[in-house]
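This report refers to the structure that appears directly beneath it.
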Amino acid sequence: MEAGGGSGTGSSRPALSGVRKAVGSALWAVLVPALLLVGSAVGQWVTWLGVVVCMATIAVAASVIGGFWHRAGAATLVSFGGFALMLFAGPAVYEGYMATAGEPVDAVVTQVADRDQRRGPDMFCTVRELGGDRKTYEVSQQENCFGQAEPGDRVEIRKDPLGLLDPRLPDSPDQRNTTEITLAVTAGLTLLLAGGTFYGGQRRRSR
């Protein structure tokens, strides 16, 4: 009777095997940064949808790591790292995509305006294609309008072949390697999130 009672109280929750714990931790370590990257990429197209995906991912990850795995430090790391990744991943995806898949098109800058808005980018550039349909676009700092071009300047913009994203203005001479730096920071934050999530899963505590 005593032996039976002792075994009943000691096995309220079966412990995970080392292999199952490692596999589960690895899955979360891949899923969390992957969803944040997807959300950041979607945010370049539909801002509110990307924000919802990223915020939901951070909230779920923090709840699992901090609440179910009882690793508050890892949960804090993933939360702050997730917010930082949101800031860098969107521009990194946009710039990398435009640099590799964007179609180069000759255009002329027709207007540059600083609207001094409280929310969102301040600088806006209006560019018109020199060939084709001669379409006109208004791009913001998100599309690299930082006053490096003046009205009348001829530039080579990069157009999204899918037509989902606004064109991107070329870099100025003092903006060299900015895309590479943004991509490197994004890669570093992605690895940090993956490592923090995996560590939290491996060091989880059951209570």
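A note on labels: chains of the structure tokens are A, B, ... as shown, every chain counts residues from 1, and ligands are counted from 1 in their shown order.
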Q.
Neighbouring residues of range 60-70 of chain A were defined as those with any atom within 8 Å, considering only C-alpha atoms; residues of the same chain fewer than 2 positions away were excluded. Please report them as a ChimeraX atom specification.
A. /A:32,56-58,72-76,78-79,197,200-201,203-206
Could you turn the residues from that selection into a file that holds N, CA and C atoms, as a PDB file, in the first residue's frame?
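Output contents, as saved in part-v8.pdb:
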ATOM      1  N   VAL A  32       9.570  30.011 -34.059  1.00  0.00           N
ATOM      2  CA  VAL A  32       9.433  31.386 -33.555  1.00  0.00           C
ATOM      3  C   VAL A  32      10.108  32.408 -34.469  1.00  0.00           C
ATOM      4  N   ALA A  56       1.529  38.365 -32.092  1.00  0.00           N
ATOM      5  CA  ALA A  56       0.975  37.090 -31.643  1.00  0.00           C
ATOM      6  C   ALA A  56       2.083  36.068 -31.427  1.00  0.00           C
ATOM      7  N   THR A  57       3.075  36.058 -32.321  1.00  0.00           N
ATOM      8  CA  THR A  57       4.199  35.122 -32.186  1.00  0.00           C
ATOM      9  C   THR A  57       4.981  35.390 -30.917  1.00  0.00           C
ATOM     10  N   ILE A  58       5.270  36.656 -30.646  1.00  0.00           N
ATOM     11  CA  ILE A  58       6.030  37.012 -29.434  1.00  0.00           C
ATOM     12  C   ILE A  58       5.236  36.656 -28.186  1.00  0.00           C
ATOM     13  N   ALA A  72      12.095  32.261 -17.121  1.00  0.00           N
ATOM     14  CA  ALA A  72      11.792  33.687 -17.253  1.00  0.00           C
ATOM     15  C   ALA A  72      12.880  34.440 -18.014  1.00  0.00           C
ATOM     16  N   GLY A  73      14.128  34.085 -17.778  1.00  0.00           N
ATOM     17  CA  GLY A  73      15.225  34.767 -18.464  1.00  0.00           C
ATOM     18  C   GLY A  73      15.168  34.562 -19.970  1.00  0.00           C
ATOM     19  N   ALA A  74      14.943  33.311 -20.374  1.00  0.00           N
ATOM     20  CA  ALA A  74      14.859  33.015 -21.801  1.00  0.00           C
ATOM     21  C   ALA A  74      13.639  33.693 -22.424  1.00  0.00           C
ATOM     22  N   ALA A  75      12.534  33.745 -21.690  1.00  0.00           N
ATOM     23  CA  ALA A  75      11.325  34.400 -22.191  1.00  0.00           C
ATOM     24  C   ALA A  75      11.565  35.892 -22.402  1.00  0.00           C
ATOM     25  N   THR A  76      12.280  36.523 -21.476  1.00  0.00           N
ATOM     26  CA  THR A  76      12.600  37.948 -21.611  1.00  0.00           C
ATOM     27  C   THR A  76      13.500  38.191 -22.815  1.00  0.00           C
ATOM     28  N   VAL A  78      13.792  36.340 -25.534  1.00  0.00           N
ATOM     29  CA  VAL A  78      13.043  36.122 -26.771  1.00  0.00           C
ATOM     30  C   VAL A  78      12.075  37.274 -27.037  1.00  0.00           C
ATOM     31  N   SER A  79      11.478  37.812 -25.985  1.00  0.00           N
ATOM     32  CA  SER A  79      10.540  38.924 -26.161  1.00  0.00           C
ATOM     33  C   SER A  79      11.240  40.160 -26.713  1.00  0.00           C
ATOM     34  N   THR A 197      15.381  30.358 -27.570  1.00  0.00           N
ATOM     35  CA  THR A 197      14.223  29.460 -27.508  1.00  0.00           C
ATOM     36  C   THR A 197      14.659  28.021 -27.264  1.00  0.00           C
ATOM     37  N   GLY A 200      15.761  27.635 -23.654  1.00  0.00           N
ATOM     38  CA  GLY A 200      14.616  27.579 -22.748  1.00  0.00           C
ATOM     39  C   GLY A 200      13.931  26.237 -22.777  1.00  0.00           C
ATOM     40  N   GLY A 201      13.835  25.644 -23.983  1.00  0.00           N
ATOM     41  CA  GLY A 201      13.205  24.334 -24.090  1.00  0.00           C
ATOM     42  C   GLY A 201      14.022  23.232 -23.462  1.00  0.00           C
ATOM     43  N   ARG A 203      16.173  23.599 -21.015  1.00  0.00           N
ATOM     44  CA  ARG A 203      16.312  23.799 -19.578  1.00  0.00           C
ATOM     45  C   ARG A 203      14.952  23.967 -18.897  1.00  0.00           C
ATOM     46  N   ARG A 204      13.907  23.559 -19.554  1.00  0.00           N
ATOM     47  CA  ARG A 204      12.567  23.728 -18.982  1.00  0.00           C
ATOM     48  C   ARG A 204      12.436  23.019 -17.654  1.00  0.00           C
ATOM     49  N   ARG A 205      11.609  23.580 -16.810  1.00  0.00           N
ATOM     50  CA  ARG A 205      11.347  22.990 -15.493  1.00  0.00           C
ATOM     51  C   ARG A 205       9.882  22.669 -15.374  1.00  0.00           C
ATOM     52  N   SER A 206       9.558  21.545 -14.788  1.00  0.00           N
ATOM     53  CA  SER A 206       8.167  21.164 -14.531  1.00  0.00           C
ATOM     54  C   SER A 206       7.856  21.391 -13.064  1.00  0.00           C
TER      55      SER A 206
END
Next item on the list: Run DSSP on the backbone of this structure and report the residues of range 10-133 of chain A it assigns to strand (DSSP E or B), as a list in words.
Entry: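 So, restricting range 10-133 of chain A to strand (DSSP E or B), we get Glu103, Pro104, Val105, Asp106, Ala107, Val108, Val109, Thr110, Gln111, Val112, Ala113, Asp114, Met123, Phe124, Cys125, Thr126, Val127, Arg128 and Glu129 of chain A.
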Could you take the residues named above and write them with N, CA, C and O atoms, as an mmCIF file, in the first residue's frame?
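Result file follows (part08.cif):
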data_model
loop_
_atom_site.group_PDB
_atom_site.id
_atom_site.type_symbol
_atom_site.label_atom_id
_atom_site.label_comp_id
_atom_site.auth_asym_id
_atom_site.auth_seq_id
_atom_site.Cartn_x
_atom_site.Cartn_y
_atom_site.Cartn_z
ATOM 1 N N GLU A 103 13.175 44.837 -60.663
ATOM 2 C CA GLU A 103 13.441 45.184 -62.050
ATOM 3 C C GLU A 103 13.971 46.612 -62.136
ATOM 4 O O GLU A 103 13.304 47.547 -61.695
ATOM 5 N N PRO A 104 15.172 46.817 -62.696
ATOM 6 C CA PRO A 104 15.704 48.179 -62.820
ATOM 7 C C PRO A 104 14.942 48.976 -63.877
ATOM 8 O O PRO A 104 14.718 48.498 -64.989
ATOM 9 N N VAL A 105 14.526 50.177 -63.522
ATOM 10 C CA VAL A 105 13.758 51.044 -64.413
ATOM 11 C C VAL A 105 14.302 52.459 -64.304
ATOM 12 O O VAL A 105 14.494 52.974 -63.198
ATOM 13 N N ASP A 106 14.544 53.103 -65.456
ATOM 14 C CA ASP A 106 14.991 54.493 -65.454
ATOM 15 C C ASP A 106 13.824 55.405 -65.100
ATOM 16 O O ASP A 106 12.707 55.237 -65.596
ATOM 17 N N ALA A 107 14.096 56.371 -64.235
ATOM 18 C CA ALA A 107 13.050 57.283 -63.787
ATOM 19 C C ALA A 107 13.659 58.644 -63.498
ATOM 20 O O ALA A 107 14.888 58.813 -63.483
ATOM 21 N N VAL A 108 12.800 59.633 -63.304
ATOM 22 C CA VAL A 108 13.232 60.978 -62.959
ATOM 23 C C VAL A 108 12.500 61.414 -61.699
ATOM 24 O O VAL A 108 11.318 61.108 -61.512
ATOM 25 N N VAL A 109 13.211 62.081 -60.809
ATOM 26 C CA VAL A 109 12.616 62.601 -59.584
ATOM 27 C C VAL A 109 11.910 63.915 -59.926
ATOM 28 O O VAL A 109 12.525 64.845 -60.459
ATOM 29 N N THR A 110 10.639 63.990 -59.627
ATOM 30 C CA THR A 110 9.865 65.198 -59.935
ATOM 31 C C THR A 110 9.604 66.063 -58.711
ATOM 32 O O THR A 110 9.367 67.259 -58.834
ATOM 33 N N GLN A 111 9.649 65.469 -57.518
ATOM 34 C CA GLN A 111 9.375 66.256 -56.314
ATOM 35 C C GLN A 111 9.954 65.550 -55.098
ATOM 36 O O GLN A 111 9.943 64.315 -55.014
ATOM 37 N N VAL A 112 10.462 66.356 -54.174
ATOM 38 C CA VAL A 112 10.938 65.854 -52.876
ATOM 39 C C VAL A 112 10.315 66.724 -51.803
ATOM 40 O O VAL A 112 10.448 67.956 -51.836
ATOM 41 N N ALA A 113 9.621 66.113 -50.863
ATOM 42 C CA ALA A 113 8.902 66.873 -49.846
ATOM 43 C C ALA A 113 9.200 66.319 -48.461
ATOM 44 O O ALA A 113 9.286 65.105 -48.268
ATOM 45 N N ASP A 114 9.367 67.229 -47.503
ATOM 46 C CA ASP A 114 9.510 66.878 -46.089
ATOM 47 C C ASP A 114 8.242 67.344 -45.386
ATOM 48 O O ASP A 114 8.054 68.538 -45.143
ATOM 49 N N MET A 123 10.123 62.151 -45.141
ATOM 50 C CA MET A 123 10.525 62.446 -46.504
ATOM 51 C C MET A 123 9.708 61.634 -47.503
ATOM 52 O O MET A 123 9.491 60.440 -47.323
ATOM 53 N N PHE A 124 9.278 62.307 -48.563
ATOM 54 C CA PHE A 124 8.546 61.650 -49.642
ATOM 55 C C PHE A 124 9.103 62.121 -50.977
ATOM 56 O O PHE A 124 9.307 63.322 -51.182
ATOM 57 N N CYS A 125 9.371 61.173 -51.862
ATOM 58 C CA CYS A 125 9.887 61.471 -53.197
ATOM 59 C C CYS A 125 8.879 61.010 -54.246
ATOM 60 O O CYS A 125 8.356 59.891 -54.155
ATOM 61 N N THR A 126 8.636 61.866 -55.221
ATOM 62 C CA THR A 126 7.780 61.508 -56.351
ATOM 63 C C THR A 126 8.670 61.233 -57.552
ATOM 64 O O THR A 126 9.498 62.083 -57.925
ATOM 65 N N VAL A 127 8.545 60.053 -58.120
ATOM 66 C CA VAL A 127 9.368 59.662 -59.273
ATOM 67 C C VAL A 127 8.459 59.223 -60.414
ATOM 68 O O VAL A 127 7.389 58.655 -60.192
ATOM 69 N N ARG A 128 8.902 59.498 -61.644
ATOM 70 C CA ARG A 128 8.131 59.123 -62.832
ATOM 71 C C ARG A 128 9.012 58.310 -63.771
ATOM 72 O O ARG A 128 10.158 58.671 -64.027
ATOM 73 N N GLU A 129 8.463 57.202 -64.237
ATOM 74 C CA GLU A 129 9.191 56.367 -65.180
ATOM 75 C C GLU A 129 9.472 57.144 -66.464
ATOM 76 O O GLU A 129 8.648 57.940 -66.922
#
Residues at most 8 Å from range 24-31 of chain A, counting only C-alpha atoms, excluding those fewer than 2 positions away in the same chain, as a list in words?
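These residues fall inside the cut-off: Arg20, Lys21, Ala22, Pro33, Ala34, Leu35, Leu193, Ala194, Gly195, Gly196, Thr197, Phe198, Tyr199, Gly200, Gly201 and Gln202 of chain A.
If you measure from each of A:Leu169, A:Cys145, A:Ala99, A:Leu189 to Leu36 in chain A using only C-alpha atoms, the closest one turns out to be A:Leu189.
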Any idea what's packed within 12 Å of Val42 in chain A, counting only C-alpha atoms, ignoring anything in its chain fewer than 2 positions away? Could you give it as a list of chain:residue names?
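Answer for this query is A:Leu35, A:Leu36, A:Leu37, A:Val38, A:Gly39, A:Ser40, A:Gln44, A:Trp45, A:Val46, A:Thr47, A:Trp48, A:Leu49, A:Gly50, A:Val51, A:Val52, A:Val53, A:Cys54, A:Met86, A:Ala89, A:Gly90, A:Pro91, A:Val93, A:Tyr94, A:Leu164, A:Leu165.
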query: Which value, in Å to one decimal, gives the distance between CA of Lys159 in chain A and CA of Tyr137 in chain A?
result: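 Rounded to one decimal, the two atoms are 10.5 Å apart.
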ask   = Excluding same-chain residues fewer than 3 positions from Gly96 in chain A, what lies within 12 Å of it counting only C-alpha atoms, as a list in words?
value =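 Close residues of Gly96 in chain A: Ala41, Phe88, Ala89, Gly90, Pro91, Ala92, Val93, Ala99, Thr100, Ala101, Gly102, Arg158, Asp160, Arg168, Asn177, Thr178, Thr179, Glu180, Ile181, Thr182, Leu183, Ala184 and Thr186 of chain A.
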